[in-house]
Number of protein chains: 2
Amino acid sequence: MRTEERVLEIIETARGKRAKFRDERVTMAHGAGGKATQSMIEGLFAPAFASESLEQLGDAGVLPELGVAITTDSFVVKPIRFPGGSIGELAVNGTVNDLAVSGARPRGLTLSMVLEEGLQADELRSEVEAIADAARRAEVEVVAGDTKVVERGHADSMYICTTGIGTLDPRARLSTAGIRPGDRILVSGRVGDHGMAIMLSRGEFELGADIRSDTRPLWPAADALLDAAGDSLHCMRDATRGGVASVVNELARASSVAMVLREAAVPVHPAVAGAAEILGLDPLYVANEGVLVAFVAAERAEQALAALRSVPGCEEAAEVGEVKSEPPGMVLVETGFGGRRVMDMLVGDPLPRIC
Amino acid sequence: MRTEERVLEIIETARGKRAKFRDERVTMAHGAGGKATQSMIEGLFAPAFASESLEQLGDAGVLPELGVAITTDSFVVKPIRFPGGSIGELAVNGTVNDLAVSGARPRGLTLSMVLEEGLQADELRSEVEAIADAARRAEVEVVAGDTKVVERGHADSMYICTTGIGTLDPRARLSTAGIRPGDRILVSGRVGDHGMAIMLSRGEFELGADIRSDTRPLWPAADALLDAAGDSLHCMRDATRGGVASVVNELARASSVAMVLREAAVPVHPAVAGAAEILGLDPLYVANEGVLVAFVAAERAEQALAALRSVPGCEEAAEVGEVKSEPPGMVLVETGFGGRRVMDMLVGDPLPRIC
């Protein structure tokens with residue numbers, strides 16, 4: 001991209017204008033949840049489908065006349081088994097979590113698998129069991145399914161697509177654009193575990209740290225927040241691809257607000273912090289599969305945080321920053337040394353195929 | 001499989017027992033919609049997930065407390081563009097049709113794409129437009145989406161998963177096991193066009209026939225049948241993978257009835273019949289993407305057929321057979337020469353990746 005185009009894009013972004021899809025080919029970056037993904041969604045998908053749900057660009061579409069929310073995700077994680085989980089477990093939790101952060105209690109799940117010819121039946125059986133177990137833990141039923149097979153080499157063991165349907169919780173008053181200056185930013189647990197666990201499990205780096213994926217269902221966390229904060233809870237998102245950094249960037253633009261994160265307040269496992277430093281990654285950009293980011297009015301933030309910490313798996317929840325009015329669309333990080341830097345959308349894909 | 005195992009299986013099948021999943025590896029046949037697919041669904045998926053919706057083994061799961069039906073399908077058709085349609089159009093129609101034959105009016109659709117790195121943006125754009133057009137024609141909104149990218153060579157251009165949600169039509173009293181001896185068997189149009197169009201478009205055979213996919217939304221046909229036959233309409237299915245033969249076989253088992261088809265009554269395009277003969281295929285096993293099979297009580301069959309024929313695209317609808325009580329679980333075909341033969345489930349996959 002030429003410099004003047006990049007400058008124009010930054011100005012448009014700050015003004016909350018839609019990104020354009022100008023690439024000639026699909027690259028791995030289009031799947032990374034960062035800037036390229038956003039340009040594809042905003043520049044190609046949203047205008048083509050132009051439905052009210054998609055305009056919201058939330059984690060789930062809402063069908064208000066049916067009282068339900070619905071969300072879909074494909075999972076192409078490589079390898080399919082990794083410390084702390086597997087593709088099957090991810091496929092359940094990833095989808096029910098998109099419902100949970102949309103204020104919808106997960107009810108049903110559909111399951112569609114693309115299997116690679118030659119896949120061992122035992123591998124398939126073990127993922128089917130992982131899906132069934134995760135669905136029981138998340139209290140959803142698998143209500144419909146489909147299987148396709150492609151020739152050897154045309155998929156990696158299996159790709160899984162799940163779609164979740166949930167009922168809108170009457171306590172929820174959430175919206176992408178509902179964030180207000182003064183809101184406190186909470187995260188429900190330590191960040192970066194999932195993406196780093198996947199990276200290390202590939203064995204491409206000589207790092208032996210014991211890091212496990214955080215894959216877990218987030219409805220209990222969402223439920224606790226809705227109870228504690230009611231309509232003072234303005235927005236929730238789960239911080240998957242692109243990590244916490246991408247969530248706050250997207251929402252800063254959508255709500256035309258600024259966000260300031262305090263780096264020192266962000267909970268990070270020491271092993272994750274160490275591995276990230278060696279690999280030159282910022283844990284705030286690394287994917288999670290069991291962490292949500294919540295935006296709560298200041299007066300209920302303390303109660304909300306206490307409620308969150310009482311949920312098993314969320315003991316390390318923390319308040320990590322605050323919403324400001326200026327400069328709109330921007331995310332700033334206060335470093336441990338008292339400085340501030342801009343935290344932009346993810347560019348490229350440093351961690352491909354982590355979900 | 002040893003002979004005694006096969007004999008046991010035939011006896012178990014006739015008694016309506018569940019097939020077992022005994023294969024060591026996944027083969028293309030598991031994706032073909034025939035016997036191997038059924039053994040995987042009945043022997044592996046259904047017991048693992050054990051939900052009431054899945055027990056029905058219908059084309060869509062029903063969430064009665066929400067008044068909705070939901071269904072999911074992955075599309076891996078090769079090539080992605082073919083005479084009469086493309087993967088995007090298929091991904092919409094295939095899914096809304098599963099709702100339609102379940103007696104649910106399609107309302108919303110989710111869309112999840114697995115894209116191959118290097119895919120031309122124009123190809124993606126053209127499928128996004130195909131999806132948007134097909135959704136408009138089928139009167140559904142795309143309400144949520146997701147995109148993943150896998151490395152070059154790990155998918156063929158794109159795989160698409162769509163999930164459809166629909167509202168249960170109050171006129172519908174449909175069930176997999178609701179078919180009764182005496183019911184008439186209707187098909188909504190000529191059979192085999194889609195699968196044969198895909199096969200010929202691959203250019204593997206020196207056949208130049210002008211055959212186009214029949215991909216179309218089937219809610220208008222389902223709507224007309226529900227209007228004309230009400231609760232005399234016992235069951236509908238769309239005859240996709242495995243064709244009409246697989247539908248009647250599955251349902252003969254599920255309802256413990258016999259089915260007799262009159263070969264001469266089945267509408268087949270002469271070019272499809274010709275190509276099928278050359279390739280050694282029976283059009284009744286070839287996939288359709290715009291044909292439903294309906295089971296209607298005898299006293300309303302004539303009205304139902306007339307209603308069906310008045311729907312654009314269903315002018316060639318026909319009554320092709322009748323449900324009998326004996327032998328339960330079996331499908332018989334009356335040939336043009338006055339003979340009868342057993343029409344079993346599809347074995348193997350003569351037409352891989354047609355949807």
# chains A, B, ... in the order shown; residues from 1 in each chain; ligands from 1
call {"tool": "calpha_fit_and_write", "arguments": {"fixed": "chain B", "moving": "chain A", "output": "short mmCIF file (atom, residue, chain, number, x, y, z; two decimals) with C-alpha atoms, in the first residue's frame"}}
result
data_model
loop_
_atom_site.label_atom_id
_atom_site.label_comp_id
_atom_site.auth_asym_id
_atom_site.auth_seq_id
_atom_site.Cartn_x
_atom_site.Cartn_y
_atom_site.Cartn_z
CA MET A 1 -16.85 -57.27 5.15
CA ARG A 2 -17.29 -61.03 5.50
CA THR A 3 -20.42 -62.62 4.06
CA GLU A 4 -21.95 -63.54 7.40
CA GLU A 5 -21.47 -59.97 8.62
CA ARG A 6 -23.21 -58.65 5.52
CA VAL A 7 -26.08 -61.10 6.00
CA LEU A 8 -26.41 -60.06 9.64
CA GLU A 9 -26.40 -56.43 8.59
CA ILE A 10 -29.18 -56.99 6.07
CA ILE A 11 -31.27 -58.72 8.72
CA GLU A 12 -30.60 -55.95 11.25
CA THR A 13 -31.41 -53.34 8.65
CA ALA A 14 -34.69 -55.02 7.79
CA ARG A 15 -35.51 -55.05 11.51
CA GLY A 16 -34.79 -51.33 11.71
CA LYS A 17 -31.72 -51.71 13.93
CA ARG A 18 -29.04 -49.07 13.95
CA ALA A 19 -26.03 -49.52 11.68
CA LYS A 20 -22.63 -49.84 13.40
CA PHE A 21 -19.52 -47.80 12.61
CA ARG A 22 -16.75 -50.36 12.20
CA ASP A 23 -14.40 -48.79 9.65
CA GLU A 24 -10.80 -48.08 10.54
CA ARG A 25 -10.45 -45.02 8.36
CA VAL A 26 -12.61 -42.38 6.76
CA THR A 27 -13.17 -43.01 3.04
CA MET A 28 -14.86 -40.97 0.34
CA ALA A 29 -17.89 -43.25 0.76
CA HIS A 30 -18.49 -41.75 4.23
CA GLY A 31 -19.28 -38.49 2.47
CA ALA A 32 -21.54 -39.95 -0.22
CA GLY A 33 -24.83 -40.07 1.69
CA GLY A 34 -25.19 -43.85 1.32
CA LYS A 35 -24.59 -46.85 3.52
CA ALA A 36 -21.22 -45.71 4.89
CA THR A 37 -22.55 -42.25 5.78
CA GLN A 38 -25.48 -43.86 7.53
CA SER A 39 -23.26 -46.18 9.56
CA MET A 40 -21.17 -43.19 10.65
CA ILE A 41 -24.23 -41.15 11.64
CA GLU A 42 -26.09 -43.97 13.37
CA GLY A 43 -23.05 -45.72 14.81
CA LEU A 44 -20.95 -42.74 15.88
CA PHE A 45 -22.67 -39.35 15.89
CA ALA A 46 -26.16 -40.20 17.10
CA PRO A 47 -25.05 -42.21 20.18
CA ALA A 48 -22.41 -39.60 21.14
CA PHE A 49 -24.77 -36.63 21.01
CA ALA A 50 -27.98 -38.44 21.97
CA SER A 51 -30.30 -35.47 21.64
CA GLU A 52 -33.95 -35.80 20.81
CA SER A 53 -33.58 -33.88 17.56
CA LEU A 54 -30.74 -36.08 16.36
CA GLU A 55 -32.66 -39.25 17.25
CA GLN A 56 -35.15 -38.22 14.56
CA LEU A 57 -32.31 -38.24 12.01
CA GLY A 58 -34.27 -35.69 9.99
CA ASP A 59 -32.89 -33.05 7.66
CA ALA A 60 -33.17 -30.40 10.37
CA GLY A 61 -33.13 -30.33 14.14
CA VAL A 62 -36.15 -28.92 15.87
CA LEU A 63 -36.10 -26.78 19.00
CA PRO A 64 -39.80 -26.96 19.86
CA GLU A 65 -39.62 -24.60 22.84
CA LEU A 66 -38.28 -21.90 20.49
CA GLY A 67 -40.62 -22.81 17.62
CA VAL A 68 -37.68 -23.07 15.23
CA ALA A 69 -35.91 -25.65 13.12
CA ILE A 70 -32.20 -25.46 12.42
CA THR A 71 -30.02 -27.28 9.92
CA THR A 72 -26.41 -27.16 8.77
CA ASP A 73 -24.45 -28.26 5.71
CA SER A 74 -20.90 -27.98 4.44
CA PHE A 75 -20.30 -27.60 0.72
CA VAL A 76 -17.14 -28.93 -0.90
CA VAL A 77 -18.34 -29.22 -4.51
CA LYS A 78 -15.63 -29.46 -7.16
CA PRO A 79 -15.43 -27.46 -9.40
CA ILE A 80 -16.89 -24.48 -7.56
CA ARG A 81 -18.62 -23.20 -10.72
CA PHE A 82 -20.63 -25.51 -12.98
CA PRO A 83 -23.46 -25.28 -15.53
CA GLY A 84 -26.50 -23.94 -13.76
CA GLY A 85 -24.87 -22.72 -10.56
CA SER A 86 -21.91 -22.45 -8.22
CA ILE A 87 -20.89 -23.38 -4.69
CA GLY A 88 -22.33 -20.16 -3.28
CA GLU A 89 -25.79 -20.72 -4.73
CA LEU A 90 -25.69 -24.36 -3.63
CA ALA A 91 -24.73 -23.35 -0.10
CA VAL A 92 -27.88 -21.26 0.21
CA ASN A 93 -30.34 -23.57 -1.54
CA GLY A 94 -29.01 -26.77 0.02
CA THR A 95 -29.58 -25.41 3.50
CA VAL A 96 -32.90 -23.61 3.03
CA ASN A 97 -34.20 -26.79 1.38
CA ASP A 98 -33.43 -28.88 4.45
CA LEU A 99 -35.60 -26.45 6.40
CA ALA A 100 -38.36 -26.43 3.78
CA VAL A 101 -38.75 -30.22 3.75
CA SER A 102 -38.84 -30.14 7.56
CA GLY A 103 -41.89 -27.90 7.35
CA ALA A 104 -40.02 -24.79 8.45
CA ARG A 105 -40.12 -21.50 6.56
CA PRO A 106 -36.50 -20.39 6.08
CA ARG A 107 -35.76 -17.10 7.92
CA GLY A 108 -32.06 -16.65 8.53
CA LEU A 109 -28.79 -18.07 7.36
CA THR A 110 -25.28 -18.08 8.77
CA LEU A 111 -22.28 -18.36 6.49
CA SER A 112 -18.84 -19.70 7.34
CA MET A 113 -16.13 -19.94 4.71
CA VAL A 114 -12.80 -21.75 4.73
CA LEU A 115 -10.77 -20.01 2.02
CA GLU A 116 -7.61 -21.27 0.36
CA GLU A 117 -4.67 -18.90 0.53
CA GLY A 118 -4.09 -17.44 -2.94
CA LEU A 119 -7.76 -17.54 -3.95
CA GLN A 120 -8.45 -14.75 -6.45
CA ALA A 121 -10.41 -11.93 -4.87
CA ASP A 122 -12.67 -11.90 -7.94
CA GLU A 123 -13.61 -15.55 -7.38
CA LEU A 124 -14.45 -14.79 -3.79
CA ARG A 125 -16.41 -11.69 -4.80
CA SER A 126 -18.39 -13.66 -7.34
CA GLU A 127 -19.36 -16.34 -4.78
CA VAL A 128 -20.28 -13.70 -2.23
CA GLU A 129 -22.60 -12.21 -4.87
CA ALA A 130 -24.00 -15.65 -5.74
CA ILE A 131 -24.78 -16.19 -2.05
CA ALA A 132 -26.41 -12.78 -1.72
CA ASP A 133 -28.54 -13.35 -4.86
CA ALA A 134 -29.60 -16.85 -3.82
CA ALA A 135 -30.48 -15.59 -0.33
CA ARG A 136 -32.68 -12.87 -1.81
CA ARG A 137 -34.45 -15.41 -4.04
CA ALA A 138 -34.96 -17.75 -1.08
CA GLU A 139 -36.13 -14.79 1.06
CA VAL A 140 -33.63 -15.38 3.85
CA GLU A 141 -31.25 -12.93 5.49
CA VAL A 142 -27.58 -13.68 6.11
CA VAL A 143 -27.39 -12.91 9.83
CA ALA A 144 -23.89 -13.99 10.90
CA GLY A 145 -20.67 -15.07 9.28
CA ASP A 146 -17.10 -16.24 9.73
CA THR A 147 -14.04 -16.66 7.54
CA LYS A 148 -10.95 -18.75 8.00
CA VAL A 149 -7.96 -19.06 5.68
CA VAL A 150 -5.84 -22.20 5.24
CA GLU A 151 -2.53 -22.47 3.40
CA ARG A 152 -2.42 -23.02 -0.35
CA GLY A 153 -3.29 -26.65 -1.16
CA HIS A 154 -5.13 -27.32 2.13
CA ALA A 155 -8.57 -26.64 0.64
CA ASP A 156 -9.90 -26.38 -2.93
CA SER A 157 -10.58 -22.66 -3.46
CA MET A 158 -13.19 -22.60 -0.71
CA TYR A 159 -15.41 -24.74 1.46
CA ILE A 160 -18.63 -23.17 2.67
CA CYS A 161 -20.75 -24.08 5.68
CA THR A 162 -24.21 -22.60 5.98
CA THR A 163 -26.68 -23.04 8.80
CA GLY A 164 -30.32 -22.18 8.35
CA ILE A 165 -32.91 -21.25 10.90
CA GLY A 166 -36.61 -21.37 10.13
CA THR A 167 -39.94 -21.06 11.86
CA LEU A 168 -42.07 -24.19 12.15
CA ASP A 169 -45.11 -23.92 9.92
CA PRO A 170 -48.32 -24.56 11.86
CA ARG A 171 -49.76 -26.60 8.94
CA ALA A 172 -46.93 -29.12 9.09
CA ARG A 173 -47.42 -32.53 10.75
CA LEU A 174 -44.30 -34.13 9.35
CA SER A 175 -42.13 -36.84 10.82
CA THR A 176 -39.53 -39.30 9.67
CA ALA A 177 -41.60 -42.17 11.02
CA GLY A 178 -44.97 -40.82 9.90
CA ILE A 179 -45.14 -42.63 6.58
CA ARG A 180 -48.02 -45.15 6.26
CA PRO A 181 -48.74 -48.02 3.88
CA GLY A 182 -50.91 -46.67 1.07
CA ASP A 183 -49.12 -43.28 0.96
CA ARG A 184 -48.25 -42.08 -2.53
CA ILE A 185 -44.67 -41.08 -3.33
CA LEU A 186 -44.25 -37.82 -5.26
CA VAL A 187 -41.11 -36.22 -6.69
CA SER A 188 -41.15 -32.48 -7.40
CA GLY A 189 -39.20 -32.60 -10.66
CA ARG A 190 -36.90 -34.61 -12.86
CA VAL A 191 -34.04 -36.38 -11.14
CA GLY A 192 -30.28 -36.52 -11.58
CA ASP A 193 -29.63 -33.14 -13.24
CA HIS A 194 -27.35 -31.76 -10.54
CA GLY A 195 -25.00 -34.69 -10.03
CA MET A 196 -24.69 -35.30 -13.73
CA ALA A 197 -24.01 -31.60 -14.46
CA ILE A 198 -21.14 -31.67 -11.95
CA MET A 199 -19.70 -34.91 -13.33
CA LEU A 200 -19.72 -33.66 -16.91
CA SER A 201 -18.31 -30.25 -15.93
CA ARG A 202 -15.18 -31.98 -14.63
CA GLY A 203 -14.35 -32.95 -18.21
CA GLU A 204 -13.27 -36.46 -17.20
CA PHE A 205 -15.68 -37.98 -19.71
CA GLU A 206 -15.99 -37.29 -23.40
CA LEU A 207 -19.63 -36.33 -23.03
CA GLY A 208 -20.82 -32.93 -24.17
CA ALA A 209 -24.49 -32.98 -23.14
CA ASP A 210 -26.07 -29.71 -22.07
CA ILE A 211 -27.08 -30.60 -18.52
CA ARG A 212 -27.51 -27.89 -15.90
CA SER A 213 -27.76 -28.16 -12.13
CA ASP A 214 -31.32 -27.91 -10.79
CA THR A 215 -30.23 -25.88 -7.74
CA ARG A 216 -33.26 -23.91 -6.52
CA PRO A 217 -35.04 -23.08 -3.25
CA LEU A 218 -37.81 -25.55 -2.41
CA TRP A 219 -39.89 -23.58 0.09
CA PRO A 220 -42.47 -22.65 -2.62
CA ALA A 221 -42.92 -26.38 -3.37
CA ALA A 222 -43.17 -27.29 0.32
CA ASP A 223 -45.59 -24.41 0.89
CA ALA A 224 -47.84 -25.58 -1.98
CA LEU A 225 -47.86 -29.15 -0.64
CA LEU A 226 -48.68 -28.04 2.90
CA ASP A 227 -51.54 -25.97 1.53
CA ALA A 228 -52.94 -28.73 -0.66
CA ALA A 229 -52.45 -31.73 1.63
CA GLY A 230 -52.31 -30.35 5.19
CA ASP A 231 -51.76 -33.17 7.66
CA SER A 232 -52.17 -35.74 4.88
CA LEU A 233 -48.62 -34.74 3.94
CA HIS A 234 -46.68 -37.20 6.12
CA CYS A 235 -43.07 -36.56 5.25
CA MET A 236 -40.82 -34.63 2.83
CA ARG A 237 -37.12 -34.94 2.05
CA ASP A 238 -34.87 -33.27 -0.46
CA ALA A 239 -33.06 -35.82 -2.57
CA THR A 240 -29.47 -34.56 -2.47
CA ARG A 241 -26.46 -36.88 -1.95
CA GLY A 242 -27.39 -40.43 -2.84
CA GLY A 243 -30.44 -39.22 -4.79
CA VAL A 244 -34.04 -40.36 -4.54
CA ALA A 245 -32.90 -43.95 -3.91
CA SER A 246 -31.18 -43.01 -0.64
CA VAL A 247 -34.14 -40.97 0.59
CA VAL A 248 -36.66 -43.78 0.09
CA ASN A 249 -34.28 -46.35 1.58
CA GLU A 250 -33.66 -44.28 4.71
CA LEU A 251 -37.35 -43.61 5.18
CA ALA A 252 -38.41 -47.20 4.49
CA ARG A 253 -36.20 -48.22 7.40
CA ALA A 254 -37.22 -45.34 9.66
CA SER A 255 -40.95 -46.01 9.15
CA SER A 256 -40.63 -49.83 8.89
CA VAL A 257 -42.51 -49.90 5.61
CA ALA A 258 -41.77 -51.07 2.08
CA MET A 259 -41.65 -48.72 -0.87
CA VAL A 260 -42.36 -49.58 -4.47
CA LEU A 261 -41.17 -47.19 -7.19
CA ARG A 262 -42.33 -47.37 -10.82
CA GLU A 263 -39.22 -46.74 -12.85
CA ALA A 264 -41.17 -45.59 -15.91
CA ALA A 265 -42.93 -42.89 -13.89
CA VAL A 266 -39.73 -41.21 -12.70
CA PRO A 267 -39.06 -38.03 -14.73
CA VAL A 268 -35.51 -37.99 -16.12
CA HIS A 269 -34.07 -35.55 -18.68
CA PRO A 270 -33.15 -37.58 -21.79
CA ALA A 271 -29.58 -36.23 -21.72
CA VAL A 272 -29.24 -37.29 -18.07
CA ALA A 273 -30.65 -40.73 -18.84
CA GLY A 274 -28.22 -41.09 -21.75
CA ALA A 275 -25.17 -39.94 -19.80
CA ALA A 276 -26.13 -42.13 -16.83
CA GLU A 277 -26.39 -45.16 -19.08
CA ILE A 278 -22.96 -44.53 -20.58
CA LEU A 279 -21.43 -44.06 -17.11
CA GLY A 280 -23.23 -47.07 -15.66
CA LEU A 281 -25.18 -45.01 -13.11
CA ASP A 282 -28.83 -45.14 -12.10
CA PRO A 283 -30.32 -41.59 -12.12
CA LEU A 284 -32.23 -42.52 -8.97
CA TYR A 285 -28.90 -42.52 -7.09
CA VAL A 286 -27.69 -39.24 -8.60
CA ALA A 287 -27.84 -36.09 -6.46
CA ASN A 288 -30.38 -33.32 -6.95
CA GLU A 289 -30.29 -29.84 -5.47
CA GLY A 290 -33.86 -28.80 -6.21
CA VAL A 291 -36.01 -31.94 -5.96
CA LEU A 292 -38.04 -33.08 -2.99
CA VAL A 293 -39.72 -36.41 -2.35
CA ALA A 294 -43.12 -36.21 -0.62
CA PHE A 295 -45.24 -38.89 1.01
CA VAL A 296 -48.94 -38.10 0.90
CA ALA A 297 -52.02 -40.08 2.00
CA ALA A 298 -53.70 -41.55 -1.11
CA GLU A 299 -56.87 -39.45 -0.83
CA ARG A 300 -54.94 -36.16 -1.14
CA ALA A 301 -52.24 -37.31 -3.55
CA GLU A 302 -53.89 -35.99 -6.69
CA GLN A 303 -54.50 -32.52 -5.22
CA ALA A 304 -50.97 -32.44 -3.85
CA LEU A 305 -49.50 -33.31 -7.23
CA ALA A 306 -51.56 -30.66 -9.00
CA ALA A 307 -50.45 -28.04 -6.44
CA LEU A 308 -46.83 -29.06 -6.87
CA ARG A 309 -47.02 -28.80 -10.67
CA SER A 310 -48.29 -25.25 -10.43
CA VAL A 311 -45.03 -24.16 -8.73
CA PRO A 312 -42.45 -22.71 -11.16
CA GLY A 313 -39.66 -25.26 -11.63
CA CYS A 314 -41.88 -28.18 -10.56
CA GLU A 315 -43.88 -28.57 -13.79
CA GLU A 316 -42.54 -32.11 -14.22
CA ALA A 317 -43.54 -33.30 -10.73
CA ALA A 318 -44.84 -36.86 -10.76
CA GLU A 319 -46.29 -39.64 -8.63
CA VAL A 320 -43.61 -42.31 -8.80
CA GLY A 321 -44.69 -45.01 -6.38
CA GLU A 322 -46.50 -46.21 -3.31
CA VAL A 323 -45.79 -47.24 0.26
CA LYS A 324 -46.56 -50.87 1.18
CA SER A 325 -46.37 -52.75 4.45
CA GLU A 326 -44.21 -55.70 3.34
CA PRO A 327 -41.29 -56.34 3.34
CA PRO A 328 -40.51 -53.63 5.96
CA GLY A 329 -37.35 -51.58 5.36
CA MET A 330 -37.10 -52.56 1.70
CA VAL A 331 -37.35 -50.56 -1.52
CA LEU A 332 -38.46 -52.30 -4.73
CA VAL A 333 -38.41 -50.91 -8.23
CA GLU A 334 -40.88 -52.04 -10.87
CA THR A 335 -38.95 -51.97 -14.10
CA GLY A 336 -40.36 -51.10 -17.51
CA PHE A 337 -40.39 -54.79 -18.36
CA GLY A 338 -42.79 -55.77 -15.55
CA GLY A 339 -40.02 -57.11 -13.30
CA ARG A 340 -39.09 -56.05 -9.73
CA ARG A 341 -35.66 -55.49 -8.24
CA VAL A 342 -34.41 -54.44 -4.82
CA MET A 343 -33.02 -50.90 -4.71
CA ASP A 344 -30.53 -50.88 -1.84
CA MET A 345 -28.70 -48.01 -0.15
CA LEU A 346 -25.85 -46.52 -2.13
CA VAL A 347 -22.56 -48.35 -1.55
CA GLY A 348 -19.29 -46.52 -2.21
CA ASP A 349 -19.16 -43.07 -3.83
CA PRO A 350 -19.59 -43.11 -7.61
CA LEU A 351 -19.96 -39.29 -7.69
CA PRO A 352 -17.67 -37.71 -5.11
CA ARG A 353 -17.95 -34.07 -4.02
CA ILE A 354 -21.07 -33.09 -5.90
CA CYS A 355 -22.27 -30.75 -3.13
#
call {"tool": "select_by_dssp", "arguments": {"residues": "stretch 44-142 of chain A", "states": "strand (DSSP E or B)", "output": "number ranges by chain"}}
result
A: 61-63, 68-75, 81-82, 85-86, 104-116, 120, 141-142
call {"tool": "write_last_selection", "arguments": {"atoms": "C-alpha atoms", "output": "CSV table (one decimal), in the first residue's frame"}}
result
chain,number,residue,atom,x,y,z
A,61,GLY,CA,-26.6,-12.2,14.7
A,62,VAL,CA,-29.9,-11.4,16.4
A,63,LEU,CA,-33.3,-12.4,15.1
A,68,VAL,CA,-32.8,-15.7,19.5
A,69,ALA,CA,-29.2,-15.0,18.7
A,70,ILE,CA,-27.3,-17.2,16.2
A,71,THR,CA,-23.5,-17.4,15.5
A,72,THR,CA,-21.3,-19.5,13.4
A,73,ASP,CA,-17.6,-20.4,13.3
A,74,SER,CA,-15.3,-22.7,11.3
A,75,PHE,CA,-12.3,-24.3,13.1
A,81,ARG,CA,-4.9,-31.8,19.5
A,82,PHE,CA,-2.8,-29.5,21.7
A,85,GLY,CA,-7.8,-29.1,24.4
A,86,SER,CA,-8.5,-30.2,20.8
A,104,ALA,CA,-27.7,-15.0,24.7
A,105,ARG,CA,-27.8,-18.2,26.8
A,106,PRO,CA,-26.5,-21.0,24.5
A,107,ARG,CA,-29.3,-23.6,23.8
A,108,GLY,CA,-28.4,-25.6,20.7
A,109,LEU,CA,-25.5,-26.3,18.4
A,110,THR,CA,-25.2,-27.6,14.9
A,111,LEU,CA,-22.1,-29.5,13.8
A,112,SER,CA,-20.7,-29.8,10.3
A,113,MET,CA,-17.4,-31.6,9.6
A,114,VAL,CA,-15.2,-31.7,6.5
A,115,LEU,CA,-13.2,-34.8,7.0
A,116,GLU,CA,-10.0,-35.8,5.1
A,120,GLN,CA,-8.2,-42.6,11.4
A,141,GLU,CA,-27.6,-29.9,22.8
A,142,VAL,CA,-26.2,-30.9,19.4
call {"tool": "select_by_dssp", "arguments": {"residues": "stretch 170-315 of chain A", "states": "helix (DSSP H, G or I)", "output": "number ranges by chain"}}
result
A: 193-201, 219-232, 243-255, 263-265, 270-279, 283-285, 298-309
